[in-house]
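Quick look at entry_33.cif (mmCIF, C-alpha atoms and all ligand atoms):
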data_start
#
loop_
_atom_site.label_atom_id
_atom_site.label_comp_id
_atom_site.auth_asym_id
_atom_site.auth_seq_id
_atom_site.Cartn_x
_atom_site.Cartn_y
_atom_site.Cartn_z
CA MET A 1 -13.51 -16.40 3.92
CA ILE A 2 -10.72 -14.51 2.19
CA THR A 3 -10.44 -11.06 3.73
CA ILE A 4 -8.55 -8.33 1.92
CA GLY A 5 -7.73 -4.97 3.46
CA VAL A 6 -7.28 -1.63 1.76
CA LEU A 7 -4.94 0.77 3.55
CA ALA A 8 -7.41 3.57 4.26
CA LEU A 9 -5.25 6.50 5.33
CA GLN A 10 -5.61 8.44 2.07
CA GLY A 11 -6.48 7.90 -1.58
CA ALA A 12 -8.75 5.76 -3.74
CA VAL A 13 -10.03 3.41 -1.05
CA ARG A 14 -13.74 2.96 -1.75
CA GLU A 15 -13.23 1.86 -5.35
CA HIS A 16 -10.92 -0.94 -4.22
CA ILE A 17 -13.43 -2.06 -1.60
CA ARG A 18 -16.08 -2.32 -4.33
CA SER A 19 -13.74 -4.32 -6.61
CA ILE A 20 -12.73 -6.74 -3.86
CA GLU A 21 -16.37 -7.37 -3.00
CA ALA A 22 -17.19 -7.83 -6.69
CA CYS A 23 -14.59 -10.63 -6.69
CA GLY A 24 -16.41 -12.39 -3.85
CA ALA A 25 -13.93 -11.66 -1.05
CA LYS A 26 -14.53 -9.70 2.14
CA ALA A 27 -13.10 -6.16 2.09
CA VAL A 28 -11.93 -4.16 5.09
CA GLU A 29 -10.85 -0.51 5.32
CA VAL A 30 -7.63 -0.68 7.33
CA LYS A 31 -7.13 2.33 9.57
CA ARG A 32 -5.41 0.79 12.58
CA VAL A 33 -2.37 -1.49 12.74
CA GLU A 34 -4.28 -4.15 14.78
CA GLN A 35 -6.56 -4.71 11.78
CA LEU A 36 -3.65 -6.28 9.86
CA GLU A 37 -4.27 -9.40 11.94
CA GLU A 38 -7.78 -9.77 10.51
CA ILE A 39 -6.74 -9.70 6.86
CA ASN A 40 -5.03 -12.13 4.47
CA GLY A 41 -3.72 -9.59 1.98
CA ILE A 42 -3.62 -5.81 1.56
CA ILE A 43 -3.98 -3.24 -1.20
CA LEU A 44 -2.02 0.02 -1.01
CA PRO A 45 -4.20 2.38 -3.05
CA GLY A 46 -3.44 5.30 -5.34
CA GLY A 47 -3.25 8.78 -3.89
CA GLU A 48 -0.17 10.76 -3.06
CA SER A 49 2.77 8.66 -1.96
CA THR A 50 4.52 11.31 0.17
CA THR A 51 1.32 12.07 2.08
CA MET A 52 0.54 8.39 2.45
CA ARG A 53 4.04 7.72 3.80
CA ARG A 54 3.63 10.49 6.37
CA LEU A 55 0.37 8.92 7.55
CA ILE A 56 1.93 5.42 7.52
CA ASP A 57 4.57 6.71 9.92
CA SER A 58 2.23 8.63 12.18
CA TYR A 59 -0.17 5.67 12.57
CA GLY A 60 2.66 3.20 13.21
CA PHE A 61 2.11 1.24 9.99
CA PHE A 62 5.70 1.26 8.72
CA PRO A 63 7.17 -1.71 10.62
CA ALA A 64 3.79 -3.48 10.65
CA LEU A 65 3.43 -3.42 6.86
CA LYS A 66 6.99 -4.65 6.35
CA GLU A 67 6.32 -7.50 8.78
CA PHE A 68 3.01 -8.30 7.03
CA GLY A 69 4.96 -8.79 3.81
CA ARG A 70 7.72 -10.77 5.51
CA GLN A 71 5.10 -13.24 6.73
CA GLY A 72 4.33 -14.03 3.08
CA LYS A 73 1.04 -12.17 3.00
CA PRO A 74 0.31 -10.63 -0.41
CA VAL A 75 0.55 -6.88 -0.98
CA PHE A 76 -0.79 -5.11 -4.09
CA GLY A 77 0.20 -1.49 -4.74
CA THR A 78 -1.59 0.65 -7.33
CA CYS A 79 -0.02 3.91 -8.54
CA ALA A 80 1.11 5.69 -5.33
CA GLY A 81 0.99 2.20 -3.76
CA LEU A 82 3.52 1.01 -6.36
CA ILE A 83 5.81 3.88 -5.33
CA LEU A 84 5.47 2.85 -1.68
CA MET A 85 6.54 -0.72 -2.55
CA ALA A 86 9.69 0.17 -4.50
CA SER A 87 13.21 -0.21 -3.14
CA GLU A 88 14.38 2.93 -4.95
CA ILE A 89 12.76 6.16 -6.17
CA ASP A 90 14.42 8.11 -8.95
CA GLY A 91 15.76 11.45 -7.69
CA GLN A 92 15.00 10.76 -4.02
CA ASP A 93 17.43 9.68 -1.33
CA ASN A 94 15.01 7.45 0.50
CA ALA A 95 12.47 4.92 -0.64
CA HIS A 96 9.47 3.76 1.43
CA LEU A 97 8.58 0.13 2.18
CA GLY A 98 11.11 -1.39 -0.21
CA LEU A 99 9.12 -4.60 -0.70
CA MET A 100 9.97 -4.98 -4.39
CA ASN A 101 13.41 -4.80 -5.92
CA MET A 102 12.77 -2.02 -8.42
CA LYS A 103 13.51 1.61 -9.11
CA VAL A 104 10.51 3.79 -9.94
CA ALA A 105 10.02 7.23 -11.45
CA ARG A 106 7.19 9.39 -10.11
CA ASN A 107 4.82 11.43 -12.29
CA ALA A 108 6.80 9.86 -15.05
CA PHE A 109 4.57 10.37 -18.04
CA GLY A 110 4.97 14.14 -17.83
CA ARG A 111 2.60 17.03 -17.25
CA GLN A 112 1.12 17.15 -20.74
CA VAL A 113 -0.20 13.65 -20.46
CA ALA A 114 -0.87 13.67 -16.73
CA SER A 115 -3.86 11.39 -17.06
CA PHE A 116 -4.75 9.04 -19.89
CA GLU A 117 -6.21 5.67 -20.72
CA ALA A 118 -4.51 2.91 -22.65
CA ASP A 119 -5.38 -0.49 -23.98
CA LEU A 120 -3.05 -2.99 -22.26
CA GLU A 121 -2.24 -6.65 -22.16
CA VAL A 122 -1.23 -7.98 -18.73
CA SER A 123 0.65 -11.32 -18.66
CA HIS A 124 -1.14 -14.17 -16.88
CA ILE A 125 -4.20 -11.98 -16.42
CA GLY A 126 -5.59 -11.02 -19.81
CA ASP A 127 -5.69 -8.56 -22.66
CA ALA A 128 -7.74 -5.53 -23.69
CA PHE A 129 -7.55 -3.82 -20.31
CA ASN A 130 -8.72 -0.25 -20.33
CA ALA A 131 -5.93 0.99 -18.04
CA VAL A 132 -6.49 4.35 -16.34
CA PHE A 133 -3.30 6.28 -15.56
CA ILE A 134 -3.43 9.33 -13.25
CA ARG A 135 -0.14 11.20 -12.74
CA ALA A 136 1.26 7.72 -12.84
CA PRO A 137 4.71 6.43 -12.04
CA TYR A 138 6.46 3.67 -13.94
CA VAL A 139 9.17 1.17 -13.16
CA LEU A 140 12.54 2.33 -14.51
CA GLU A 141 14.56 -0.72 -13.50
CA ALA A 142 13.47 -4.08 -12.20
CA GLY A 143 15.64 -6.62 -10.40
CA PRO A 144 15.98 -10.20 -11.68
CA GLU A 145 13.34 -11.51 -9.25
CA VAL A 146 10.74 -9.07 -10.60
CA GLU A 147 8.51 -10.35 -13.38
CA VAL A 148 7.27 -7.68 -15.79
CA LEU A 149 3.55 -8.16 -16.45
CA ALA A 150 2.79 -5.18 -18.67
CA THR A 151 4.49 -2.37 -20.53
CA TYR A 152 3.15 0.78 -22.12
CA GLN A 153 5.40 2.59 -24.64
CA ASP A 154 8.23 0.30 -23.50
CA ARG A 155 7.81 1.35 -19.87
CA ILE A 156 7.01 -1.18 -17.18
CA VAL A 157 3.54 -0.50 -15.75
CA ALA A 158 2.71 -3.79 -13.99
CA ALA A 159 5.01 -6.25 -12.21
CA LYS A 160 5.08 -9.09 -9.73
CA GLN A 161 7.70 -10.35 -7.29
CA GLY A 162 6.55 -13.47 -5.44
CA HIS A 163 3.56 -12.43 -3.35
CA TYR A 164 3.92 -8.76 -4.28
CA LEU A 165 1.99 -7.20 -7.17
CA CYS A 166 1.96 -3.64 -8.48
CA THR A 167 0.38 -1.59 -11.26
CA ALA A 168 1.08 2.00 -12.30
CA PHE A 169 -2.54 2.28 -13.42
CA HIS A 170 -5.78 2.11 -11.43
CA PRO A 171 -7.57 -1.21 -12.05
CA GLU A 172 -10.21 -0.30 -9.45
CA LEU A 173 -11.56 2.58 -11.54
CA THR A 174 -13.26 0.43 -14.16
CA ASP A 175 -15.76 -2.42 -13.88
CA ASP A 176 -13.13 -4.81 -15.22
CA ASN A 177 -12.10 -6.64 -12.05
CA ARG A 178 -9.61 -9.11 -13.59
CA VAL A 179 -6.47 -7.61 -11.97
CA ILE A 180 -8.05 -7.57 -8.51
CA ALA A 181 -9.41 -11.09 -9.13
CA HIS A 182 -5.82 -12.14 -9.85
CA PHE A 183 -4.72 -10.61 -6.54
CA VAL A 184 -7.51 -12.55 -4.80
CA THR A 185 -6.07 -15.80 -6.25
CA MET A 186 -2.61 -14.80 -4.96
CA VAL A 187 -4.10 -14.30 -1.49
CA GLU A 188 -5.90 -17.64 -1.74
CA ALA A 189 -2.64 -19.38 -2.69
CA SER A 190 -0.75 -17.79 0.20
CA MET A 191 -3.45 -18.90 2.65
CA LYS A 192 -3.14 -22.51 1.42
CA ALA A 193 0.66 -22.31 1.64
CA THR A 194 0.60 -21.16 5.27
CA ALA A 195 -2.39 -23.29 6.42
N1 LIG T 201 1.79 11.02 -8.47
C1 LIG T 201 1.38 10.38 -7.28
C2 LIG T 201 2.56 10.15 -6.32
O1 LIG T 201 3.68 10.42 -6.67
C3 LIG T 201 0.70 9.05 -7.57
C4 LIG T 201 -0.58 9.31 -8.34
C5 LIG T 201 -1.67 8.30 -8.10
O2 LIG T 201 -1.60 7.46 -7.18
N2 LIG T 201 -2.72 8.40 -8.87
O3 LIG T 201 2.37 9.73 -5.21
#
Take the structure in this file and express it as structure tokens.
Ligand code: GLN
Amino acid sequence: MITIGVLALQGAVREHIRSIEACGAKAVEVKRVEQLEEINGIILPGGESTTMRRLIDSYGFFPALKEFGRQGKPVFGTCAGLILMASEIDGQDNAHLGLMNMKVARNAFGRQVASFEADLEVSHIGDAFNAVFIRAPYVLEAGPEVEVLATYQDRIVAAKQGHYLCTAFHPELTDDNRVIAHFVTMVEASMKATA
């Protein structure tokens, strides 16, 4: 059975667990590095990226998550998770995991519109998504290997690079599970490729 982990150090974990299960896969809250061996793909949830990075370091997840990705196992970052995956963060000297070749801006939609919902089309996945943005980042610049999947007001809010997927919004906060279902198919494909 396909088993998908959710990094459970901080943030919107339970909602992702529910969405994964709704897509028919097994979901695991990942709190220890050893658990990465039991899962076929991982979701880095929304929350607060600086706090999450601190916990990633203190629980020894930093090299383990990079290695997980290097093995070709899919990683999906939502919101703060997208920030963790970027190779560059606007205005900061250091990025985090650097899995995707892109520069991101944090809290990029400004204070006035900290949280909002938008109707979005996501390439390969579908249209009429009710996308929930919460103090969301966006992708300022994407490298040539990054495929843009969705934009909102000309800003990149969903992208894919090989087995890596990210969204600036929170697909786990609605009952529309199509984005997570797409991630499940990516995990399925990677399992076939490495079988
Ligand atoms: N603004 C948060 C950060 O910079 C992300 C917000 C979220 O994940 N909902 O980490």
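Compared by their closest atoms to Glu117 of chain A, and using only C-alpha atoms, the residues A:Leu82, A:Ile89, A:Ala159, A:Ala168 rank with A:Ala168 nearest.
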Exercise for the section: Mind checking which residues fall within 8 Å of segment 48-54 of chain A, counting only C-alpha atoms, ignoring those fewer than 5 positions away in the same chain, and posting them as a VMD selection string? Expected result: chain A and resid 9 to 11 80 to 81 83 to 84 96
Hey, can you spit out that residue selection with C-alpha atoms as a JSON list (two decimals), in the frame of the given file?
[["chain", "number", "residue", "atom", "x", "y", "z"],
["A", 9, "LEU", "CA", -5.25, 6.50, 5.33],
["A", 10, "GLN", "CA", -5.61, 8.44, 2.07],
["A", 11, "GLY", "CA", -6.48, 7.90, -1.58],
["A", 80, "ALA", "CA", 1.11, 5.69, -5.33],
["A", 81, "GLY", "CA", 0.99, 2.20, -3.76],
["A", 83, "ILE", "CA", 5.81, 3.88, -5.33],
["A", 84, "LEU", "CA", 5.47, 2.85, -1.68],
["A", 96, "HIS", "CA", 9.47, 3.76, 1.43]]
Exercise for the section: Would you kindly identify which residues have an atom no farther than 12 Å from (-10.0, -12.8, 7.9), using all atoms listed in the file and the file's own coordinates, and write them out as an MDAnalysis selection string? Expected result: chainID A and resid 1:5 25:28 35:42 187:188 191
Practice task
Identify which of the residues A:Ser115, A:Asn101, A:Ser87, A:Asn94 lies closest to ligand LIG 201 (chain T), counting only C-alpha atoms and all ligand atoms when measuring atom-to-atom distances.
Solution key: A:Ser115
Practice task
Choose the residue, out of A:Phe133, A:Phe61, A:Phe76, A:Phe68, that has the smallest atom-to-atom separation from ligand LIG 201 (chain T); count only C-alpha atoms and all ligand atoms.
Solution key: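 Going through A:Phe133, A:Phe61, A:Phe76, A:Phe68 one by one, the smallest distance to ligand LIG 201 (chain T) is for A:Phe133.
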Kindly provide, as JSON, the centre and edge lengths (Å, one decimal) of an axis-aligned box around all atoms of ligand LIG 201 (chain T) given in the file, with 3 Å on each side.
{"center_x": 0.5, "center_y": 9.2, "center_z": -7.0, "size_x": 12.4, "size_y": 9.6, "size_z": 9.7}
Exercise for the section: Could you please determine the separation between atom CA of Val13 of chain A and atom CA of Ile180 of chain A in Å, to one decimal place? Expected result: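 Atom CA of Val13 of chain A sits 13.4 Å away from atom CA of Ile180 of chain A.
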Exercise for the section: Could you please determine the separation between atom CA of Thr185 of chain A and atom CA of Gly60 of chain A in Å, to one decimal place? Expected result: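 Separation between atom CA of Thr185 of chain A and atom CA of Gly60 of chain A: 28.6 Å.
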Near Glu147 of chain A, within 8 Å and counting all atoms listed in the file, which residues show up once chain neighbours fewer than 2 positions away are dropped, as a PDB file with C-alpha atoms, in the frame of the given file?
ATOM      1  CA  PRO A 144      15.980 -10.200 -11.680  1.00  0.00           C
ATOM      2  CA  GLU A 145      13.340 -11.510  -9.250  1.00  0.00           C
ATOM      3  CA  LEU A 149       3.550  -8.160 -16.450  1.00  0.00           C
ATOM      4  CA  ALA A 159       5.010  -6.250 -12.210  1.00  0.00           C
ATOM      5  CA  LYS A 160       5.080  -9.090  -9.730  1.00  0.00           C
ATOM      6  CA  GLN A 161       7.700 -10.350  -7.290  1.00  0.00           C
TER       7      GLN A 161
END
Exercise for the section: Could you jot down the atom CA of Ile56 of chain A to atom CA of Ala12 of chain A separation for me, Å, one decimal place? Expected result: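 Computing it gives 15.5 Å between the two atoms.
Distances from A:Leu140, A:Pro171, A:His163, A:Leu44 to Ala189 of chain A were compared using only C-alpha atoms, and the smallest one belongs to A:His163.
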Practice task
Give the answer as one residue: which of A:Ala158, A:Ala136, A:Leu55, A:Ile20 has the shortest atom-to-atom distance to ligand LIG 201 (chain T), using all atoms listed in the file?
Solution key: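 Closest candidate: A:Ala136.
Proximity ranking of A:Ser58, A:Thr167, A:Gln153, A:Ser123 relative to ligand LIG 201 (chain T) places A:Thr167 first, based on only C-alpha atoms and all ligand atoms.
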Exercise for the section: Considering all atoms listed in the file, return as a PyMOL selection string whatever protein or nucleic-acid residues lie within 8 Å of Leu97 of chain A, sequence-local ones (same chain, fewer than 3 positions apart) excluded. Expected result: chain A and resi 62+65-66+84-87
